[in-house]
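Worksheet for the structure shown next.
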Amino acid sequence: MISEGVEDEEKWLAAGIAGLQQNAFYMHRALDSNNLKDALKYSAQMLSELRTSRLSPHKYYDLYMRAFDELRKLEVFFKEENRRGCSIIDLYELVQHAGNILPRLYLLCTVGSVYIKSKEAPAKDVLKDLVEMSRGIQHPIRGLFLRSYLSQISRDKLPDIGSEYEGDADTVLDAVEFVLQNFTEMNKLWVRMQHQGPAREKERREKERSELRDLVGKNLHVLSQIEGVDLDMYRDTVLPRILEQVVNCKDEVAQYYLMDCVIQVFPDEYHLQTLETLLGACPQLQPSVDIKTVLSRLMERLSNYAASSTEVLPEFLEVEAFAKLNNAIAKVIEAQIDMPVADAVTLYSSLLTFTLHVHPDRLDYVDRILGACFKQLSGKGKLDDSKATKQIVALLSAPLDKYNDIETALKLTNYPRVMEHLDGGTNKVMASVIIQSIMKNRTSISTADKVEALFELIKGLIKDPDETAHDEIDEDDFNEEQNSVSSLIQMLYNDDPEEMLKIICTVKKQILIGGPKRLPFTVPPLIFNSLKLVRRLQGQEETAAKEEITPTPKKVFQILNQIIEALSSVPAPELALRLYLQCAEAANDCDLEPVAYEFFTQAYILYEEEISDSRAQVTALYLIIGTLQRMHIFGVENRDTLTHKATGYSAKLLKKPDQCRAVYACSHLFWVDDNDSIKDGERVLLCLKRALRIANAAQQMATATRGSSGSVTLFIEILNKYLYFFEKGNSEISVSAIQDLIVLITNEMQSDNMTLDPAADALFAGTLRYIQFQKQKGGATGEKYESIKV
């Protein structure tokens, strides 16, 4: 059925064009022979094709443009006739004898254009006559195109200031009156279109109306171009008349389009000075009008106007623009009871953008907008409307983008209240935006109160909302979120140790309620940030800490111990052990032996009770040995206890090679270069001999299980340890022991049942080259190595 209708319309258009072209041909012939009577006859017949009611606006426009082109030629002919002495008044009377009203009015408009140019009558009189007579066409499409033609041929002939058609003192009013009257009648015709035809075709009619809207809107553009329309005339005459027509037409399509036109075509300064009048019309519009877009565009234009020059800002203060816009939005929301939440938030978002441009220093305005938005959201719980949540994110992001300082946002009491209405996922997005802003601008959050307020804002990232506690969380997203929180914790800083301690306690309280899954991300940065404070307090006398709140290294270590203990709920023993050792080393630098010993004790307990994986044990043991080797604070008894434990752990590792390496690593616990009190050559030798026995046992096991002796890598590594301590002056390491080991390795490598190991060959060759190099050095070193034969 639709395709048949389209085909019929094409036929009707083709027939109309054929009829128009045929009559245009005869009209041209009459024009060429200067036959006025025939020219008028055929032009009227040509224009009769525009009387059709069968065409859609799109097709009718095609026919109209062809007629328009022909009328331009007819207008040129009328000008020539006038120059040849034909009275334009007689011509004006003559065309009124056309049989049908539509061709008659088109011809009248064409002659009227020439009539005005001839200046034989005032332009205002001719225009008034034409606009009044055009009322004779009440068919919406035919009437709109006729009045569009009238508007087009008259736009350069309006009696405007400075125009050649300017008349007496009130001439501009006449021009304005003509355009307004034509606009009013066109709007009535346009609105009437919705009532033409059956209800089932309403959607098609709305589409056709949309195609014709520019014909109506052009009148407002013409008005904006009239030089004589100054601010006073716009405020007193033009705007009230336009708004009266907009409100009274009670058509949602027309109201939305015309309000948008008014905002777009007239100057910004006019809008600013007539803000109250323009905003007063908004609550009177139909409830279904998309008023949020209209007001948003108005505020966008005013924002851009304010941003264009600082000189215009006093005007905004003078007219109290913020108060008027704020009140208007409240009235619109109140009038439109069913307004979606997303639309209301969009309005407040636009108002906030406007405020940040015009009144960037007025945080109270910003907070008032957020408060009004919160009031709209009250009672609605968490929002599940994606449009609304998107607008709230835009609303909350605007202050961050403007001020580049989260501290400013922390001063806004309604900021966290609005965030409360975001669903869990969006709340996390907003929290991430806040952290990104802090990172980007390197913002320093330097007081405990601000830290607490900040963590309240980003609580979506640091703890699970109750209702989503059991939802599945994407692992990669979760890791990224927690890494951003970790970066934030690292940035917290205050020069005052007392305030910094308060910050640490605040963060501790916040992260401990975040659940065990987050602790491996949030505990390490807090520990290291706290250790920075310890370094600053290093050397402080405990006697200076008379007040309970005064920070001392010991107090900080007590807090750190509590924080690391929380990792047991994860559990994350390897991480906790690393952190205990870091704290032990910091306590060593602060000369706090009991504290350092306690941290080592906790690390040992974790090793014994929690770490069962063999690889994790090896890694942990190396960390323990390396940290203990650097400790200088322990007395003989404590050091012996810890060292004995470490060597005992080494011998109990599952794999023999791991045992061997851990045991010879323990040799460093008995020989510290820069500490003469820890140089026990005998115990070093005992460790190395024990390592040799374990290496030998490992090789025997390989022979028993595989039928061939294993690699000699362990022996070569032990040889390197012998050389190290020999060079450091350990008298227990003799040349003969080194020589015997070299011979042992050489024999093993030449053995028939030796497994080929290129890595071991390269390591041994490198070791022998080192010995040779030391020999060639000469002096005491060369003499020392001279006895070793390679």
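Chain labels A, B, ... are given in the sequence in which chains occur in the structure tokens; within each chain residues are numbered consecutively from 1, and ligands are likewise numbered from 1 in the order shown.
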Using only C-alpha atoms, determine which residues lie at most 12 Å from Phe77 in chain A, disregarding the query and same-chain residues fewer than 5 positions distant; provide the list as a list in words.
Met27, His28, Ala30, Leu31, Asp32, Ser33, Asn34, Asn35, Leu36, Ala39, Leu40, Ser43, Glu70, Leu71, Arg72, Asn82, Arg83, Arg84, Cys86, Ile88, Leu91, Thr110, Val111 and Val114 of chain A
Residues at most 7 Å from range 495-498 of chain A, counting only C-alpha atoms, excluding those fewer than 4 positions away in the same chain, as a ChimeraX atom specification?
/A:502,533,550-551
Closest to Met749 in chain A among A:Ser378, A:Gln659, A:Ser711, A:Gln700, using only C-alpha atoms?
A:Ser711
Residue list (helix (DSSP H, G or I), DSSP) for range 336-480 of chain A, as a PyMOL selection string
chain A and resi 341-358+363-377+386-403+406-410+415-419+424-441+448-457+459-462+466-468+475-480
Closest of A:Ser210, A:Asn414, A:Thr389, A:Thr447 to Phe374 in chain A - atom-to-atom distances counting only C-alpha atoms:
A:Asn414
May I have the residues within 10 Å of range 50-60 of chain A as a ChimeraX atom specification, using only C-alpha atoms and disregarding those fewer than 6 positions away in the same chain?
/A:6,8-10,12-14,16-17,20,67,100-103,139-142,145-146,204-205,207-212
Excluding same-chain residues fewer than 5 positions from Pro267 in chain A, what lies within 12 Å of it counting only C-alpha atoms, as a PyMOL selection string?
chain A and resi 221+223-225+229-231+234+261-262+272-274+298+301-302+305
Saved selection, atoms kept: C-alpha atoms, as a PDB file, in the first residue's frame:
ATOM      1  CA  HIS A 221      15.887  34.789  11.549  1.00  0.00           C
ATOM      2  CA  LEU A 223      13.593  39.498  12.711  1.00  0.00           C
ATOM      3  CA  SER A 224      17.075  39.008  14.185  1.00  0.00           C
ATOM      4  CA  GLN A 225      18.609  40.603  11.070  1.00  0.00           C
ATOM      5  CA  VAL A 229      15.533  45.844  16.480  1.00  0.00           C
ATOM      6  CA  ASP A 230      17.575  47.051  19.427  1.00  0.00           C
ATOM      7  CA  LEU A 231      17.449  45.674  22.961  1.00  0.00           C
ATOM      8  CA  TYR A 234      13.317  43.232  21.457  1.00  0.00           C
ATOM      9  CA  CYS A 261      14.960  29.136  17.380  1.00  0.00           C
ATOM     10  CA  VAL A 262      14.627  32.140  19.686  1.00  0.00           C
ATOM     11  CA  LEU A 272      20.849  37.941  29.232  1.00  0.00           C
ATOM     12  CA  GLN A 273      18.859  41.179  29.539  1.00  0.00           C
ATOM     13  CA  THR A 274      15.490  39.463  28.922  1.00  0.00           C
ATOM     14  CA  LEU A 298      20.230  28.607  26.632  1.00  0.00           C
ATOM     15  CA  ARG A 301      25.014  29.958  25.011  1.00  0.00           C
ATOM     16  CA  LEU A 302      25.212  32.139  28.099  1.00  0.00           C
ATOM     17  CA  TYR A 305      29.118  34.341  26.168  1.00  0.00           C
TER      18      TYR A 305
END
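The interatomic distance for the pair CA of Met439 in chain A and CA of Met491 in chain A works out to 8.3 Å.
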If we count only C-alpha atoms and set the cut-off at 9 Å, which residues sit around Asp589 in chain A, ignoring sequence neighbours fewer than 5 positions away in its own chain? Please answer as an mmCIF file with C-alpha atoms, in the first residue's frame.
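Contents of the output file selection.cif:
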data_model
loop_
_atom_site.group_PDB
_atom_site.id
_atom_site.type_symbol
_atom_site.label_atom_id
_atom_site.label_comp_id
_atom_site.auth_asym_id
_atom_site.auth_seq_id
_atom_site.Cartn_x
_atom_site.Cartn_y
_atom_site.Cartn_z
ATOM 1 C CA ARG A 535 62.709 7.805 58.403
ATOM 2 C CA GLN A 538 64.659 8.574 62.892
ATOM 3 C CA GLY A 539 66.890 9.378 65.838
ATOM 4 C CA ALA A 584 62.520 -4.789 60.943
ATOM 5 C CA MET A 631 70.999 -5.852 60.800
ATOM 6 C CA HIS A 632 73.513 -4.259 63.161
ATOM 7 C CA ILE A 633 71.284 -3.488 66.148
#
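Omitting Tyr649 in chain A and its sequence neighbours fewer than 2 positions away, and counting only C-alpha atoms, the residues within 9 Å are Glu608, Leu621, His644, Lys645, Ala646, Thr647, Ala651, Lys652, Leu653, Gln659, Ala662 and Val663 of chain A.
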When you look at Val319 in chain A with a cut-off of 10 Å (counting only C-alpha atoms), what residues show up, excluding the ones that are within fewer than 2 positions of it in the same chain? I need them as number ranges by chain.
A: 272-276, 314-317, 321-324
Just N, CA and C atoms for this one: save the residues we selected as a tab-separated table (two decimals), in the first residue's frame.
chain	number	residue	atom	x	y	z
A	272	LEU	N	20.46	37.65	27.86
A	272	LEU	CA	20.85	37.94	29.23
A	272	LEU	C	19.96	39.02	29.84
A	273	GLN	N	19.65	40.06	29.03
A	273	GLN	CA	18.86	41.18	29.54
A	273	GLN	C	17.37	40.86	29.60
A	274	THR	N	16.92	39.82	28.90
A	274	THR	CA	15.49	39.46	28.92
A	274	THR	C	15.29	38.07	29.53
A	275	LEU	N	16.22	37.69	30.38
A	275	LEU	CA	16.23	36.33	30.92
A	275	LEU	C	14.93	36.01	31.65
A	276	GLU	N	14.47	36.95	32.43
A	276	GLU	CA	13.26	36.71	33.23
A	276	GLU	C	12.05	36.44	32.34
A	314	PRO	N	30.22	41.38	34.66
A	314	PRO	CA	29.37	42.25	35.51
A	314	PRO	C	27.90	42.25	35.09
A	315	GLU	N	27.64	42.06	33.80
A	315	GLU	CA	26.24	42.03	33.33
A	315	GLU	C	25.49	40.86	33.97
A	316	PHE	N	26.15	39.74	34.09
A	316	PHE	CA	25.51	38.57	34.69
A	316	PHE	C	25.17	38.83	36.15
A	317	LEU	N	26.09	39.51	36.85
A	317	LEU	CA	25.83	39.84	38.25
A	317	LEU	C	24.70	40.85	38.37
A	321	ALA	N	21.66	36.51	37.02
A	321	ALA	CA	21.37	35.41	36.09
A	321	ALA	C	21.26	34.08	36.81
A	322	PHE	N	22.16	33.82	37.76
A	322	PHE	CA	22.13	32.52	38.44
A	322	PHE	C	20.81	32.31	39.17
A	323	ALA	N	20.39	33.32	39.93
A	323	ALA	CA	19.15	33.19	40.70
A	323	ALA	C	17.96	32.94	39.79
A	324	LYS	N	17.92	33.65	38.66
A	324	LYS	CA	16.79	33.51	37.73
A	324	LYS	C	16.77	32.12	37.10
Mind pulling up the distance from CA of Thr641 in chain A to CA of Glu565 in chain A?
23.2 Å
